[in-house]
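Enquirer: This is the structure, below, for whatever I ask next.
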Amino acid sequence: MAFSVPVTVRGYELDINGHLNQAVYLQYAEHARWELMKAAGIPGEKMVGSGIGPVVLEQTLKYQRELHLGDEVTVSCEFRWSGGKAFRMHQEIRKLDDTVSATIDVVCGIMDLRLRKLVADPAAALREVAEFPETLGL
């Protein structure tokens, strides 16, 4: 089951056409990822204190329905583990009527902040610091 957070589209996030600026979709996705980490018991400062940090290696964003001022959405985030240094996350931005506004597929890694290299087993690195690893699909 995917984790999700609510977001309401704000006026300063709109473009000249009156719909959500394309870059803001990525900000919503990032917000959901950090909220998921907090829910797993790994706020940013704890992660950095443990010597690791998340990195986005690739993102594919598909816009499906525009969003306007005041639209209420949920932004979901679901880990997809497959082994190796990278893992995937699937995210959806949905209106309250369940219409999908956008999908974001992300390839991520966990960086060793001292060595500045990806850790060999990101699932193990997160499991070690998470209070609630099941929130991360672990």
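In the structure tokens, each chain is lettered A, B, ... as it comes, each chain's residues begin at 1, and ligands are numbered from 1 in order of appearance.
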Quick one: everything within 10 Å of A:Gly84, counting only C-alpha atoms, minus sequence neighbours fewer than 2 positions away in the same chain. Send it as number ranges by chain.
Expert: A: 81-82, 86-87, 109, 119-123
Enquirer: Find the residues near A:Arg88: any atom within 7 Å, counting only C-alpha atoms, skip ones fewer than 3 places away on the same chain, and give them as a list in words.
Expert: Phe79, Arg80, Trp81, Val106, Val107 and Cys108 of chain A
Enquirer: Given the selection you just returned, output its residues as a file containing N, CA and C atoms, formatted as a PDB file, in the first residue's frame.
Expert:
```
ATOM      1  N   PHE A  79       7.757   2.504  -2.500  1.00  0.00           N
ATOM      2  CA  PHE A  79       9.059   1.928  -2.823  1.00  0.00           C
ATOM      3  C   PHE A  79       8.876   0.669  -3.655  1.00  0.00           C
ATOM      4  N   ARG A  80       9.829   0.456  -4.554  1.00  0.00           N
ATOM      5  CA  ARG A  80       9.882  -0.783  -5.338  1.00  0.00           C
ATOM      6  C   ARG A  80      11.331  -1.270  -5.301  1.00  0.00           C
ATOM      7  N   TRP A  81      11.571  -2.241  -4.424  1.00  0.00           N
ATOM      8  CA  TRP A  81      12.915  -2.761  -4.198  1.00  0.00           C
ATOM      9  C   TRP A  81      13.229  -3.868  -5.188  1.00  0.00           C
ATOM     10  N   VAL A 106      10.684   7.263 -10.165  1.00  0.00           N
ATOM     11  CA  VAL A 106      11.964   7.777  -9.693  1.00  0.00           C
ATOM     12  C   VAL A 106      12.935   6.623  -9.464  1.00  0.00           C
ATOM     13  N   VAL A 107      14.169   6.810  -9.906  1.00  0.00           N
ATOM     14  CA  VAL A 107      15.258   5.895  -9.578  1.00  0.00           C
ATOM     15  C   VAL A 107      16.099   6.620  -8.536  1.00  0.00           C
ATOM     16  N   CYS A 108      16.310   5.960  -7.402  1.00  0.00           N
ATOM     17  CA  CYS A 108      17.002   6.569  -6.268  1.00  0.00           C
ATOM     18  C   CYS A 108      18.157   5.696  -5.807  1.00  0.00           C
TER      19      CYS A 108
END
```
Enquirer: Please provide the set of residues having any atom within 7 Å of A:Met111, restricted to only C-alpha atoms, with same-chain residues fewer than 2 positions apart removed, written as a PyMOL selection string.
Expert: chain A and resi 52-55+109+113+116-119
Enquirer: May I have all residues of chain A that DSSP, computed from the backbone, assigns to alpha helix (DSSP H), given as a VMD selection string?
Expert: chain A and resid 22 to 39 44 to 49 122 to 129
Enquirer: Output C-alpha atoms for every residue in that selection, as a tab-separated table (two decimals), in the first residue's frame.
Expert:
```
chain	number	residue	atom	x	y	z
A	22	GLN	CA	5.30	21.97	-14.35
A	23	ALA	CA	8.22	22.14	-11.89
A	24	VAL	CA	5.91	22.20	-8.87
A	25	TYR	CA	4.77	18.64	-9.57
A	26	LEU	CA	8.34	17.56	-8.74
A	27	GLN	CA	8.28	19.62	-5.55
A	28	TYR	CA	5.07	17.86	-4.49
A	29	ALA	CA	6.74	14.49	-5.18
A	30	GLU	CA	9.81	15.49	-3.14
A	31	HIS	CA	7.59	16.65	-0.27
A	32	ALA	CA	5.83	13.26	-0.21
A	33	ARG	CA	9.16	11.40	-0.18
A	34	TRP	CA	10.40	13.37	2.84
A	35	GLU	CA	7.09	12.91	4.66
A	36	LEU	CA	7.39	9.17	4.02
A	37	MET	CA	10.89	9.17	5.50
A	38	LYS	CA	9.60	11.03	8.57
A	39	ALA	CA	6.76	8.50	8.93
A	44	GLY	CA	16.46	14.32	7.41
A	45	GLU	CA	18.66	15.21	10.36
A	46	LYS	CA	18.67	11.58	11.57
A	47	MET	CA	19.62	10.35	8.12
A	48	VAL	CA	22.47	12.86	7.80
A	49	GLY	CA	23.57	12.06	11.36
A	122	PRO	CA	20.24	0.84	0.17
A	123	ALA	CA	17.51	-1.31	1.73
A	124	ALA	CA	19.87	-2.47	4.48
A	125	ALA	CA	21.10	1.09	5.07
A	126	LEU	CA	17.54	2.39	5.53
A	127	ARG	CA	16.43	-0.62	7.57
A	128	GLU	CA	19.29	0.05	9.97
A	129	VAL	CA	18.17	3.61	10.77
```
Enquirer: Name the residues of chain A that come out as strand (DSSP E) in a backbone DSSP run; write them as an mmCIF file with N, CA, C and O atoms, in the first residue's frame.
Expert:
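Result written to part-v7.cif:
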```cif
data_model
loop_
_atom_site.group_PDB
_atom_site.id
_atom_site.type_symbol
_atom_site.label_atom_id
_atom_site.label_comp_id
_atom_site.auth_asym_id
_atom_site.auth_seq_id
_atom_site.Cartn_x
_atom_site.Cartn_y
_atom_site.Cartn_z
ATOM 1 N N PHE A 3 2.063 5.101 0.600
ATOM 2 C CA PHE A 3 1.974 6.192 1.560
ATOM 3 C C PHE A 3 1.501 7.422 0.786
ATOM 4 O O PHE A 3 1.860 7.597 -0.381
ATOM 5 N N SER A 4 0.708 8.300 1.408
ATOM 6 C CA SER A 4 0.315 9.516 0.699
ATOM 7 C C SER A 4 0.159 10.691 1.654
ATOM 8 O O SER A 4 -0.043 10.508 2.855
ATOM 9 N N VAL A 5 0.291 11.882 1.092
ATOM 10 C CA VAL A 5 0.118 13.125 1.837
ATOM 11 C C VAL A 5 -0.821 14.041 1.052
ATOM 12 O O VAL A 5 -0.822 14.025 -0.175
ATOM 13 N N PRO A 6 -1.614 14.856 1.767
ATOM 14 C CA PRO A 6 -2.487 15.806 1.082
ATOM 15 C C PRO A 6 -1.748 17.105 0.755
ATOM 16 O O PRO A 6 -0.863 17.525 1.501
ATOM 17 N N VAL A 7 -2.109 17.712 -0.358
ATOM 18 C CA VAL A 7 -1.562 19.001 -0.758
ATOM 19 C C VAL A 7 -2.689 19.787 -1.424
ATOM 20 O O VAL A 7 -3.494 19.221 -2.158
ATOM 21 N N THR A 8 -2.734 21.094 -1.172
ATOM 22 C CA THR A 8 -3.679 21.987 -1.848
ATOM 23 C C THR A 8 -2.883 22.935 -2.740
ATOM 24 O O THR A 8 -1.901 23.538 -2.297
ATOM 25 N N ILE A 52 24.300 9.030 5.897
ATOM 26 C CA ILE A 52 23.736 8.680 4.598
ATOM 27 C C ILE A 52 22.733 9.747 4.157
ATOM 28 O O ILE A 52 22.235 10.524 4.967
ATOM 29 N N GLY A 53 22.451 9.747 2.860
ATOM 30 C CA GLY A 53 21.458 10.669 2.324
ATOM 31 C C GLY A 53 20.880 10.124 1.032
ATOM 32 O O GLY A 53 21.575 9.458 0.265
ATOM 33 N N PRO A 54 19.606 10.405 0.787
ATOM 34 C CA PRO A 54 18.974 9.920 -0.446
ATOM 35 C C PRO A 54 19.390 10.775 -1.641
ATOM 36 O O PRO A 54 19.622 11.970 -1.516
ATOM 37 N N VAL A 55 19.504 10.149 -2.788
ATOM 38 C CA VAL A 55 19.778 10.866 -4.029
ATOM 39 C C VAL A 55 18.825 10.388 -5.113
ATOM 40 O O VAL A 55 18.500 9.203 -5.185
ATOM 41 N N VAL A 56 18.380 11.332 -5.922
ATOM 42 C CA VAL A 56 17.547 11.011 -7.085
ATOM 43 C C VAL A 56 18.492 10.873 -8.267
ATOM 44 O O VAL A 56 19.266 11.781 -8.567
ATOM 45 N N LEU A 57 18.428 9.732 -8.926
ATOM 46 C CA LEU A 57 19.291 9.460 -10.068
ATOM 47 C C LEU A 57 18.580 9.727 -11.391
ATOM 48 O O LEU A 57 19.222 10.064 -12.390
ATOM 49 N N GLU A 58 17.255 9.562 -11.378
ATOM 50 C CA GLU A 58 16.473 9.738 -12.600
ATOM 51 C C GLU A 58 15.014 9.911 -12.219
ATOM 52 O O GLU A 58 14.546 9.285 -11.262
ATOM 53 N N GLN A 59 14.283 10.750 -12.967
ATOM 54 C CA GLN A 59 12.846 10.914 -12.747
ATOM 55 C C GLN A 59 12.137 10.989 -14.089
ATOM 56 O O GLN A 59 12.609 11.665 -14.997
ATOM 57 N N THR A 60 11.008 10.319 -14.168
ATOM 58 C CA THR A 60 10.146 10.421 -15.339
ATOM 59 C C THR A 60 8.799 10.900 -14.847
ATOM 60 O O THR A 60 8.164 10.250 -14.017
ATOM 61 N N LEU A 61 8.380 12.036 -15.358
ATOM 62 C CA LEU A 61 7.124 12.655 -14.943
ATOM 63 C C LEU A 61 6.179 12.667 -16.130
ATOM 64 O O LEU A 61 6.533 13.146 -17.204
ATOM 65 N N LYS A 62 4.987 12.117 -15.926
ATOM 66 C CA LYS A 62 3.956 12.121 -16.969
ATOM 67 C C LYS A 62 2.774 12.942 -16.478
ATOM 68 O O LYS A 62 2.138 12.591 -15.487
ATOM 69 N N TYR A 63 2.517 14.035 -17.191
ATOM 70 C CA TYR A 63 1.383 14.894 -16.859
ATOM 71 C C TYR A 63 0.139 14.317 -17.526
ATOM 72 O O TYR A 63 0.163 13.997 -18.712
ATOM 73 N N GLU A 72 -7.430 20.099 -4.421
ATOM 74 C CA GLU A 72 -6.870 19.275 -3.359
ATOM 75 C C GLU A 72 -6.444 17.948 -3.959
ATOM 76 O O GLU A 72 -7.210 17.337 -4.712
ATOM 77 N N VAL A 73 -5.239 17.543 -3.635
ATOM 78 C CA VAL A 73 -4.693 16.312 -4.188
ATOM 79 C C VAL A 73 -4.046 15.482 -3.086
ATOM 80 O O VAL A 73 -3.768 15.984 -1.996
ATOM 81 N N THR A 74 -3.827 14.218 -3.396
ATOM 82 C CA THR A 74 -2.969 13.381 -2.566
ATOM 83 C C THR A 74 -1.768 13.005 -3.419
ATOM 84 O O THR A 74 -1.886 12.783 -4.625
ATOM 85 N N VAL A 75 -0.613 12.983 -2.775
ATOM 86 C CA VAL A 75 0.620 12.617 -3.455
ATOM 87 C C VAL A 75 1.113 11.330 -2.808
ATOM 88 O O VAL A 75 1.448 11.318 -1.621
ATOM 89 N N SER A 76 1.109 10.260 -3.584
ATOM 90 C CA SER A 76 1.506 8.962 -3.035
ATOM 91 C C SER A 76 2.968 8.678 -3.325
ATOM 92 O O SER A 76 3.592 9.302 -4.187
ATOM 93 N N CYS A 77 3.473 7.705 -2.590
ATOM 94 C CA CYS A 77 4.880 7.337 -2.701
ATOM 95 C C CYS A 77 5.000 5.862 -2.310
ATOM 96 O O CYS A 77 4.616 5.491 -1.209
ATOM 97 N N GLU A 78 5.527 5.079 -3.219
ATOM 98 C CA GLU A 78 5.657 3.646 -2.956
ATOM 99 C C GLU A 78 7.033 3.145 -3.418
ATOM 100 O O GLU A 78 7.425 3.363 -4.563
ATOM 101 N N PHE A 79 7.757 2.504 -2.500
ATOM 102 C CA PHE A 79 9.059 1.928 -2.823
ATOM 103 C C PHE A 79 8.876 0.669 -3.655
ATOM 104 O O PHE A 79 7.938 -0.100 -3.439
ATOM 105 N N ARG A 80 9.829 0.456 -4.554
ATOM 106 C CA ARG A 80 9.882 -0.783 -5.338
ATOM 107 C C ARG A 80 11.331 -1.270 -5.301
ATOM 108 O O ARG A 80 12.182 -0.761 -6.015
ATOM 109 N N ALA A 86 20.607 0.812 -6.654
ATOM 110 C CA ALA A 86 19.473 1.704 -6.926
ATOM 111 C C ALA A 86 18.163 1.011 -6.594
ATOM 112 O O ALA A 86 18.073 -0.221 -6.596
ATOM 113 N N PHE A 87 17.168 1.814 -6.301
ATOM 114 C CA PHE A 87 15.812 1.310 -6.098
ATOM 115 C C PHE A 87 14.858 2.286 -6.765
ATOM 116 O O PHE A 87 15.255 3.386 -7.172
ATOM 117 N N ARG A 88 13.621 1.883 -6.884
ATOM 118 C CA ARG A 88 12.633 2.715 -7.574
ATOM 119 C C ARG A 88 11.526 3.137 -6.617
ATOM 120 O O ARG A 88 11.246 2.458 -5.638
ATOM 121 N N MET A 89 10.923 4.258 -6.969
ATOM 122 C CA MET A 89 9.729 4.728 -6.272
ATOM 123 C C MET A 89 8.709 5.096 -7.343
ATOM 124 O O MET A 89 9.073 5.649 -8.379
ATOM 125 N N HIS A 90 7.468 4.758 -7.066
ATOM 126 C CA HIS A 90 6.379 5.171 -7.949
ATOM 127 C C HIS A 90 5.512 6.145 -7.170
ATOM 128 O O HIS A 90 5.159 5.879 -6.017
ATOM 129 N N GLN A 91 5.193 7.260 -7.809
ATOM 130 C CA GLN A 91 4.380 8.276 -7.156
ATOM 131 C C GLN A 91 3.240 8.687 -8.076
ATOM 132 O O GLN A 91 3.383 8.679 -9.299
ATOM 133 N N GLU A 92 2.111 9.030 -7.456
ATOM 134 C CA GLU A 92 0.968 9.544 -8.199
ATOM 135 C C GLU A 92 0.419 10.775 -7.503
ATOM 136 O O GLU A 92 0.379 10.831 -6.272
ATOM 137 N N ILE A 93 0.024 11.735 -8.304
ATOM 138 C CA ILE A 93 -0.677 12.907 -7.802
ATOM 139 C C ILE A 93 -2.116 12.762 -8.278
ATOM 140 O O ILE A 93 -2.377 12.736 -9.482
ATOM 141 N N ARG A 94 -3.035 12.599 -7.301
ATOM 142 C CA ARG A 94 -4.443 12.341 -7.608
ATOM 143 C C ARG A 94 -5.343 13.395 -7.004
ATOM 144 O O ARG A 94 -5.163 13.786 -5.853
ATOM 145 N N LYS A 95 -6.332 13.802 -7.789
ATOM 146 C CA LYS A 95 -7.371 14.673 -7.262
ATOM 147 C C LYS A 95 -8.256 13.856 -6.323
ATOM 148 O O LYS A 95 -8.237 12.619 -6.347
ATOM 149 N N VAL A 100 -6.141 10.836 -11.866
ATOM 150 C CA VAL A 100 -4.687 10.942 -11.800
ATOM 151 C C VAL A 100 -4.250 12.183 -12.577
ATOM 152 O O VAL A 100 -4.532 12.311 -13.772
ATOM 153 N N SER A 101 -3.571 13.086 -11.898
ATOM 154 C CA SER A 101 -3.062 14.296 -12.531
ATOM 155 C C SER A 101 -1.662 14.080 -13.095
ATOM 156 O O SER A 101 -1.319 14.617 -14.137
ATOM 157 N N ALA A 102 -0.851 13.270 -12.394
ATOM 158 C CA ALA A 102 0.511 13.006 -12.856
ATOM 159 C C ALA A 102 1.044 11.741 -12.196
ATOM 160 O O ALA A 102 0.627 11.386 -11.098
ATOM 161 N N THR A 103 1.972 11.098 -12.883
ATOM 162 C CA THR A 103 2.722 9.984 -12.302
ATOM 163 C C THR A 103 4.200 10.331 -12.378
ATOM 164 O O THR A 103 4.653 10.956 -13.347
ATOM 165 N N ILE A 104 4.914 9.932 -11.345
ATOM 166 C CA ILE A 104 6.352 10.184 -11.289
ATOM 167 C C ILE A 104 7.024 8.862 -10.946
ATOM 168 O O ILE A 104 6.704 8.243 -9.924
ATOM 169 N N ASP A 105 7.919 8.417 -11.811
ATOM 170 C CA ASP A 105 8.708 7.222 -11.536
ATOM 171 C C ASP A 105 10.142 7.677 -11.298
ATOM 172 O O ASP A 105 10.720 8.404 -12.111
ATOM 173 N N VAL A 106 10.684 7.263 -10.165
ATOM 174 C CA VAL A 106 11.964 7.777 -9.693
ATOM 175 C C VAL A 106 12.935 6.623 -9.464
ATOM 176 O O VAL A 106 12.555 5.595 -8.910
ATOM 177 N N VAL A 107 14.169 6.810 -9.906
ATOM 178 C CA VAL A 107 15.258 5.895 -9.578
ATOM 179 C C VAL A 107 16.099 6.620 -8.536
ATOM 180 O O VAL A 107 16.521 7.755 -8.746
ATOM 181 N N CYS A 108 16.310 5.960 -7.402
ATOM 182 C CA CYS A 108 17.002 6.569 -6.268
ATOM 183 C C CYS A 108 18.157 5.696 -5.807
ATOM 184 O O CYS A 108 18.247 4.524 -6.154
ATOM 185 N N GLY A 109 18.972 6.286 -4.970
ATOM 186 C CA GLY A 109 20.028 5.567 -4.290
ATOM 187 C C GLY A 109 20.226 6.194 -2.917
ATOM 188 O O GLY A 109 19.638 7.226 -2.601
ATOM 189 N N ILE A 110 21.046 5.552 -2.118
ATOM 190 C CA ILE A 110 21.423 6.100 -0.816
ATOM 191 C C ILE A 110 22.928 6.329 -0.860
ATOM 192 O O ILE A 110 23.704 5.414 -1.127
ATOM 193 N N MET A 111 23.315 7.584 -0.613
ATOM 194 C CA MET A 111 24.725 7.952 -0.691
ATOM 195 C C MET A 111 25.388 7.891 0.683
ATOM 196 O O MET A 111 24.814 8.341 1.666
ATOM 197 N N ASP A 112 26.593 7.332 0.713
ATOM 198 C CA ASP A 112 27.458 7.430 1.879
ATOM 199 C C ASP A 112 28.018 8.846 1.827
ATOM 200 O O ASP A 112 28.769 9.194 0.895
ATOM 201 N N LYS A 117 29.664 8.190 -2.371
ATOM 202 C CA LYS A 117 29.357 7.094 -3.292
ATOM 203 C C LYS A 117 28.082 6.417 -2.821
ATOM 204 O O LYS A 117 27.750 6.443 -1.628
ATOM 205 N N LEU A 118 27.385 5.783 -3.752
ATOM 206 C CA LEU A 118 26.188 5.035 -3.384
ATOM 207 C C LEU A 118 26.553 3.836 -2.522
ATOM 208 O O LEU A 118 27.566 3.170 -2.769
#
```
Enquirer: Rounded to one decimal place, report the atom CA of A:Leu115-atom CA of A:Phe132 distance in Å.
Expert: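 These atoms are spaced 26.5 Å apart.
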Enquirer: Report as a PyMOL selection string all protein, DNA and RNA residues lying within 10 Å of A:Glu13, evaluated on only C-alpha atoms, omitting residues in the same chain fewer than 2 positions from it.
Expert: chain A and resi 9-11+15+18-25+68-69
Enquirer: From the options A:Ile16, A:Ala2, A:Leu138, A:Ala130, which residue's atoms come nearest to A:Ala40, counting only C-alpha atoms?
Expert: A:Ala130
